[in-house]
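Chemist: I have a structure I would like to understand better, so I am pasting it below and will then ask my questions one at a time.
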Amino acid sequence: MDDLTTSGRHDDAPRVPWRLRLFGRLLESWIRIKPDPVNPGSLLLPGVPVCYVTERYGLSDALILEQACREAGLPSALVPLQNVSTRRKRSYFATSMRNSLIWNPARRRSPTQPLAELVAQLELLPDQDVQLVPVSIFVGRAPNRQSGWFSVLFSENWVVVGRFRRLLALVLNGRDTHVQFSTPVSLRRVLAEEQGAPRDRSVRKISRVLRAHFRRIRAAVIGPDLSHRRTIVDAVVNAEPVQQVIAATATKESAPREQVTRRAHEYAVEIAADYSHPVVRSLSFMLHSFWNKLYDGVTMNHFDRVRAVAPGHEIIYVPCHRSHIDYLLVSWLLYTNGIVPPHIAAGVNLNLPLVGPLLRRGGAFFLRRSFKANALYSAVFTEYVSQLFARGVSMEYFIEGGRSRTGRLLQPKAGMLAMTLRAFLRESRRPVAFQPVYIGYEKLMEGNSYIGELSGQAKQKESLFGLLRSVKKLREHYGRVAVNFGEPVFLEELLQREAPDWRANADDDKPEWFGRSVDALAERIQISINSAADVNPINLLAVALLATPKHAMAETDLLAQLELYKALLAELPYAERITLTSKTPAEIVAYGEKMQWIRRIRHPLGDVLTSEGKQATLLSYFRNNVLHLFAASAWIACCFINNRRMARASLLRLSKLIYPFIQSELFLPWDEAGFVERIHATVDFFIRRGVLTPDAEGRVLNRGAGQGDAAFQLRTLAHSLLQAFERYYITIAVLVKHGPHTISAAELENLCTLTAQRLTLLHELNAPEFFDKSLFKGFIQQLRERKVVWTDEAGKLDFDAALAIVAKDAKVILSREIRHGILKLAPQLKPPAAPEVAPDKAA
């Protein structure tokens with residue numbers, strides 16, 4: 001690298017012409033460059049002459065390139081190329097040419113001429129090489145807080161601007177100049193691959209590859225070159241699949257085809273985004289101030305891997321859905337870090353006056369919550385997604401359907417995934433990568449409404465008045481936010497695993513592997529989201545304090561419990577991308593007090609920390625965010641609540657029995673063998689900590705006395721998963737008590753929900769998600785998929801005697817009081833004559 005950085009800088013080396021040095025000094029006083037990567041010199045090949053390649057020719061671009069090279073310690077771009085003799089006075093060229101007013105305006109030459117000269121010289125010098133370094137320059141891509149609103153009109157876009165407009169862009173946005181250096185290309189290696197081909201063809205091919213590279217980088221940084229919204233709407237309506245549905249609908253409804261076509265056009269207008277680069281830049285400018293007022297900071301992890309994948313891939317962002325803030329947060333982070341924000345699938349309930357048009361210009365496209373019965377709308381929406389896909393537009397949607405009211409991931413709704421897969425099979429021009437995103441908050445703006453909805457209150461409809469009313473919440477303190485990017489899911493790799501011959505029948509309307517692949521894709525995304533969780537101080541406080549009957553704990557016990565949790569997560573990492581707070585247990589407690597989640601009660605024998613009333617209920621949300629991280633350890637702890645000792649073999653047998661249901665509910669990443677291995681590792685951790693002790697042969701595990709510290713820590717840890725087992729037992733007990741061929745799956749869901757609600761009242765279980773109907777529904781579905789229960793011809797549930805045996809195992813885990821309470825309630829319940837199915841709680 002020293003050879004490179006010093007070449008052209010010795011006393012006898014060529015110097016940059018004085019007029020260019022003068023212009024450069026003038027420009028340097030104003031331009032502020034943000035290089036990408038921060039150390040571009042690490043990309044270069046040592047000892048190989050460097051020739052830079054830019055997208056567009058211009059004096060300003062040449063001077064910006066020279067400044068970036070000088071600041072990074074790279075060879076100059078404005079001197080002749082070292083060791084390779086050409087007519088060029090500069091060691092850079094552009095893939096497109098514009099005649100200069102200053103540099104010899106009479107000259108006319110092809111943009112490929114400099115490259116052709118380089119190729120000709122390398123043919124004469126077989127031992128010499130040149131590395132081509134593509135450099136992308138963006139002036140004013142993302143105006144910052146110090147720049148004016150006017151500057152967004154002159155920031156970087158796809159339009160080839162004139163010299164006066166470029167000058168204004170430099171004046172207004174020069175302090176926000178991004179220079180992106182790409183991996184160099186060995187020209188000698190490229191020519192070796194083209195050995196035997198005519199020189200002109202090789203030059204054209206290299207030029208074409210370079211232009212394609214610059215288009216990919218520009219699309220990744222500022223977004224694709226979208227046509228006017230009207231063009232996309234017309235393309236959707238005129239597409240063959242939509243025209244076929246229009247004809248079928250006109251025949252079915254005996255309506256004029258023109259009338260149905262107008263309806264399809266109205267649907268397309270209702271759906272389509274109206275993406276505007278100036279609006280996106282303006283929103284980025286505004287949101288910078290908004291986040292600073294709302295949060296103490298936004299932490300982003302693993303973004304470098306997203307940046308590496310984005311060019312050349314069709315990226316589909318699939319975040320977890322916790323808040324309406326999710327939409328804005330992900331787009332803002334992507335935009336301010338050099339990647340174009342995606343088009344976002346938003347519920348039509350957000351298409352409010354004033355707000356809807358703004359979101360639409362920010363990239364939102366709107367969909368109705370349910371349109372299965374409307375074939376025409378379904379065809380229009382599916383075609384719109386296909387059009388975005390074909391144009392290389394990145395997308396974002398939430399496969400949970402609506403916001404999670406419980407804090408855990410919801411069972412996925414695969415509609416958008418199925419549309420994306422169909423679009424890929426139809427327009428598979430680029431590889432597709434699904435990018436899972438975990439978003440972790442320390443306080444939610446919607447917290448109170450979530451608790452109300454889980455307690456049975458009706459969901460409040462979004463309205464402009466409600467939005468204005470919520471402005472007062474902006475005065476509250478919401479702590480920090482973490483955005484973690486998970487392991488991407490590459491669609492072709494998944495299809496290869498699920499259906500190795502998928503290419504053979506990709507043209508079928510719905511191949512037999514289609515549904516299976518969509519389900520596998522949804523599960524893989526949810527697992528990847530959970531595997532990128534951020535564990536913040538509020539999560540850890542919630543897991544500890546909510547495990548006690550009165551949500552209170554002595555300070556010494558709380559500090560010990562927090563230390564145990566941190567050690568468990570650090571010594572047995574759940575996944576590579578999990579992030580854990582660096583705060584010590586004492587700092588976590590102090591932070592919880594600062595955020596007003598917990599309160600300190602002074603006492604002469606030692607202070608007590610407590611969370612009371614609504615705060616304790618809200619904390620359950622943040623406990624559920626990270627519940628999956630403690631699944632294995634909490635399961636082991638559950639087995640020792642009512643047992644002083646247990647054989648390791650019995651523990652493993654029960655683990656295999658229960659794991660499929662825990663895996664389905666919490667989206668755990670292991671197969672059965674992996675979970676058994678995790679159980680072994682966690683048992684060994686507990687033995688090292690003295691929480692469990694093995695017998696002489698290591699076959700039997702023992703816990704300490706019921707009043708000891710070890711037993712207390714196990715009991716506290718077990719509580720995080722105990723309510724899941726109580727739900728399972730409620731379901732099985734209610735089903736067994738009613739007997740086979742008696743109730744349907746929907747009736748069983750309602751009866752289980754009622755039982756859980758009653759137990760909550762009797763035993764003060766301050767956790768609204770305990771009687772969340774969707775969790776019972778998911779467990780019943782798992783029982784059916786595993787053939788534990790099935791539906792008879794009358795639509796009633798049937799099962800065999802094995803289910804009663806499963807119920808008996810509950811005594812190992814559940815207390816006698818809870819078991820008897822469930823059994824006492826079960827025979828009193830009567831299935832309702834006409835069960836009402838609650839509407840989906842969609843965002």
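Labeling convention for the structure tokens: chains A, B, ... as they appear, residues from 1 per chain, ligands from 1 in order of appearance.
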Neighbouring residues of Gly795 of chain A were defined as those with any atom within 9 Å, considering only C-alpha atoms; residues of the same chain fewer than 4 positions away were excluded. Please report them as a list in words.
Modeler: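 Answer for this query is His741, Ile743, Ser744, Ala745 and Thr791 of chain A.
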Chemist: With only C-alpha atoms as the basis for distance, which of A:Ala522, A:Ile217, A:Ala710, A:Val130 is at the shortest distance from Asp557 of chain A?
Modeler: A:Ala710
Chemist: Write down as a VMD selection string the residues belonging to segment 563-739 of chain A that are assigned alpha helix (DSSP H) by DSSP computed on the backbone.
Modeler: chain A and resid 563 to 571 585 to 594 613 to 625 631 to 639 648 to 666 672 to 689 709 to 738
Chemist: Name all residues at most 12 Å from segment 587-600 of chain A (count only C-alpha atoms; drop same-chain ones fewer than 3 positions away) and give them as a VMD selection string.
Modeler: chain A and resid 295 to 296 442 to 443 476 to 480 535 to 542 544 to 546 551 to 563 566 580 to 584 603 606 to 620 622
Chemist: Excluding same-chain residues fewer than 6 positions from Cys69 of chain A, what lies within 12 Å of it counting only C-alpha atoms, as a list in words?
Modeler: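 Surrounding residues, per the criterion: Leu4, Thr5, Thr6, Ile33, Lys34, Pro35, Asp36, Val38, Asn39, Pro40, Gly41, Val50, Cys51, Tyr52, Ala62, Leu63, Pro75, Ser76, Ala77, Leu78, Ser91, Tyr92, Val133, Val135, Val179, Gln180 and Phe181 of chain A.
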Chemist: Write out as a PDB file with N, CA and C atoms, in the first residue's frame which residues come within 12 Å of Leu294 of chain A when counting only C-alpha atoms, dropping same-chain ones fewer than 2 positions away.
Modeler:
```
ATOM      1  N   LEU A 287     -37.268  14.143  10.417  1.00  0.00           N
ATOM      2  CA  LEU A 287     -37.219  13.056  11.389  1.00  0.00           C
ATOM      3  C   LEU A 287     -35.956  13.107  12.240  1.00  0.00           C
ATOM      4  N   HIS A 288     -34.892  13.698  11.718  1.00  0.00           N
ATOM      5  CA  HIS A 288     -33.675  13.827  12.515  1.00  0.00           C
ATOM      6  C   HIS A 288     -33.970  14.561  13.818  1.00  0.00           C
ATOM      7  N   SER A 289     -34.714  15.650  13.735  1.00  0.00           N
ATOM      8  CA  SER A 289     -35.087  16.398  14.937  1.00  0.00           C
ATOM      9  C   SER A 289     -36.095  15.624  15.775  1.00  0.00           C
ATOM     10  N   PHE A 290     -37.003  14.932  15.096  1.00  0.00           N
ATOM     11  CA  PHE A 290     -38.052  14.179  15.795  1.00  0.00           C
ATOM     12  C   PHE A 290     -37.448  13.102  16.692  1.00  0.00           C
ATOM     13  N   TRP A 291     -36.473  12.320  16.175  1.00  0.00           N
ATOM     14  CA  TRP A 291     -35.874  11.261  16.982  1.00  0.00           C
ATOM     15  C   TRP A 291     -35.111  11.836  18.162  1.00  0.00           C
ATOM     16  N   ASN A 292     -34.437  12.957  17.952  1.00  0.00           N
ATOM     17  CA  ASN A 292     -33.673  13.556  19.050  1.00  0.00           C
ATOM     18  C   ASN A 292     -34.572  14.000  20.196  1.00  0.00           C
ATOM     19  N   ASP A 296     -33.529   8.945  23.420  1.00  0.00           N
ATOM     20  CA  ASP A 296     -32.163   9.283  23.839  1.00  0.00           C
ATOM     21  C   ASP A 296     -31.137   8.859  22.802  1.00  0.00           C
ATOM     22  N   GLY A 297     -31.551   8.094  21.841  1.00  0.00           N
ATOM     23  CA  GLY A 297     -30.639   7.647  20.793  1.00  0.00           C
ATOM     24  C   GLY A 297     -31.203   6.439  20.087  1.00  0.00           C
ATOM     25  N   VAL A 298     -30.755   6.226  18.868  1.00  0.00           N
ATOM     26  CA  VAL A 298     -31.134   5.052  18.078  1.00  0.00           C
ATOM     27  C   VAL A 298     -29.861   4.277  17.758  1.00  0.00           C
ATOM     28  N   ILE A 325     -44.223   3.600  14.822  1.00  0.00           N
ATOM     29  CA  ILE A 325     -42.914   4.221  14.614  1.00  0.00           C
ATOM     30  C   ILE A 325     -42.038   3.350  13.712  1.00  0.00           C
ATOM     31  N   LEU A 329     -38.914   4.604  11.293  1.00  0.00           N
ATOM     32  CA  LEU A 329     -37.582   4.368  11.840  1.00  0.00           C
ATOM     33  C   LEU A 329     -36.699   3.613  10.860  1.00  0.00           C
ATOM     34  N   TYR A 441     -37.692  -1.491  21.729  1.00  0.00           N
ATOM     35  CA  TYR A 441     -37.963  -0.229  22.411  1.00  0.00           C
ATOM     36  C   TYR A 441     -37.801  -0.399  23.921  1.00  0.00           C
ATOM     37  N   GLU A 442     -37.660   0.724  24.612  1.00  0.00           N
ATOM     38  CA  GLU A 442     -37.662   0.724  26.077  1.00  0.00           C
ATOM     39  C   GLU A 442     -38.952   1.293  26.640  1.00  0.00           C
ATOM     40  N   LYS A 443     -39.751   1.901  25.784  1.00  0.00           N
ATOM     41  CA  LYS A 443     -41.087   2.373  26.164  1.00  0.00           C
ATOM     42  C   LYS A 443     -41.850   2.590  24.871  1.00  0.00           C
ATOM     43  N   LEU A 444     -43.148   2.304  24.877  1.00  0.00           N
ATOM     44  CA  LEU A 444     -43.966   2.389  23.668  1.00  0.00           C
ATOM     45  C   LEU A 444     -45.005   3.494  23.796  1.00  0.00           C
ATOM     46  N   MET A 445     -45.209   4.218  22.711  1.00  0.00           N
ATOM     47  CA  MET A 445     -46.260   5.233  22.700  1.00  0.00           C
ATOM     48  C   MET A 445     -47.643   4.586  22.793  1.00  0.00           C
ATOM     49  N   VAL A 471     -50.250  13.888  19.952  1.00  0.00           N
ATOM     50  CA  VAL A 471     -49.059  14.743  19.909  1.00  0.00           C
ATOM     51  C   VAL A 471     -48.535  15.010  21.316  1.00  0.00           C
ATOM     52  N   LYS A 472     -49.431  15.065  22.305  1.00  0.00           N
ATOM     53  CA  LYS A 472     -48.996  15.342  23.677  1.00  0.00           C
ATOM     54  C   LYS A 472     -48.043  14.267  24.200  1.00  0.00           C
ATOM     55  N   LYS A 473     -48.115  13.048  23.616  1.00  0.00           N
ATOM     56  CA  LYS A 473     -47.221  11.981  24.052  1.00  0.00           C
ATOM     57  C   LYS A 473     -45.775  12.250  23.680  1.00  0.00           C
ATOM     58  N   LEU A 474     -45.561  13.186  22.757  1.00  0.00           N
ATOM     59  CA  LEU A 474     -44.198  13.486  22.334  1.00  0.00           C
ATOM     60  C   LEU A 474     -43.396  14.150  23.438  1.00  0.00           C
ATOM     61  N   ARG A 475     -44.075  14.606  24.489  1.00  0.00           N
ATOM     62  CA  ARG A 475     -43.365  15.236  25.604  1.00  0.00           C
ATOM     63  C   ARG A 475     -42.802  14.207  26.583  1.00  0.00           C
ATOM     64  N   GLU A 476     -43.192  12.940  26.434  1.00  0.00           N
ATOM     65  CA  GLU A 476     -42.725  11.905  27.350  1.00  0.00           C
ATOM     66  C   GLU A 476     -41.322  11.428  26.970  1.00  0.00           C
ATOM     67  N   HIS A 477     -40.742  10.648  27.872  1.00  0.00           N
ATOM     68  CA  HIS A 477     -39.376  10.153  27.692  1.00  0.00           C
ATOM     69  C   HIS A 477     -39.445   8.683  27.308  1.00  0.00           C
ATOM     70  N   TYR A 478     -38.857   8.305  26.172  1.00  0.00           N
ATOM     71  CA  TYR A 478     -38.998   6.951  25.650  1.00  0.00           C
ATOM     72  C   TYR A 478     -37.687   6.173  25.597  1.00  0.00           C
ATOM     73  N   GLY A 479     -36.632   6.696  26.191  1.00  0.00           N
ATOM     74  CA  GLY A 479     -35.385   5.943  26.268  1.00  0.00           C
ATOM     75  C   GLY A 479     -34.708   5.762  24.916  1.00  0.00           C
ATOM     76  N   ARG A 480     -34.053   4.616  24.748  1.00  0.00           N
ATOM     77  CA  ARG A 480     -33.311   4.324  23.533  1.00  0.00           C
ATOM     78  C   ARG A 480     -34.063   3.293  22.690  1.00  0.00           C
ATOM     79  N   VAL A 481     -33.713   3.255  21.413  1.00  0.00           N
ATOM     80  CA  VAL A 481     -34.262   2.268  20.483  1.00  0.00           C
ATOM     81  C   VAL A 481     -33.099   1.531  19.842  1.00  0.00           C
TER      82      VAL A 481
END
```
Chemist: Quick one: pick out all strand (DSSP E) residues within segment 216-395 of chain A from a backbone DSSP run and write them as a PyMOL selection string.
Modeler: chain A and resi 297-301+314-319+343-347+364-367+395
Chemist: Which residues come within 10 Å of Thr420 of chain A, counting only C-alpha atoms, excluding same-chain residues fewer than 5 positions away, as a list in words?
Modeler: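 These residues fall inside the cut-off: Ile316, Thr382, Val385, Ser386, Phe389, Met395, Ala414, Gly415, Leu425, Arg426, Val432 and Val518 of chain A.
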Chemist: Please provide the set of residues having any atom within 8 Å of Val233 of chain A, restricted to only C-alpha atoms, with same-chain residues fewer than 5 positions apart removed, written as a PyMOL selection string.
Modeler: chain A and resi 265+268-269+272+384
Chemist: Enter the distance from atom CA of Ser282 of chain A to atom CA of Thr177 of chain A, in Å, rounded to one decimal.
Modeler: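 Atom CA of Thr177 of chain A lies 17.1 Å from atom CA of Ser282 of chain A.
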Chemist: Please measure the separation of atom CA of Ala756 of chain A and atom CA of Ile730 of chain A, giving the value in Å to one decimal.
Modeler: 7.6 Å
Chemist: Could you jot down the atom CA of Glu28 of chain A to atom CA of Leu170 of chain A separation for me, Å, one decimal place?
Modeler: 11.0 Å
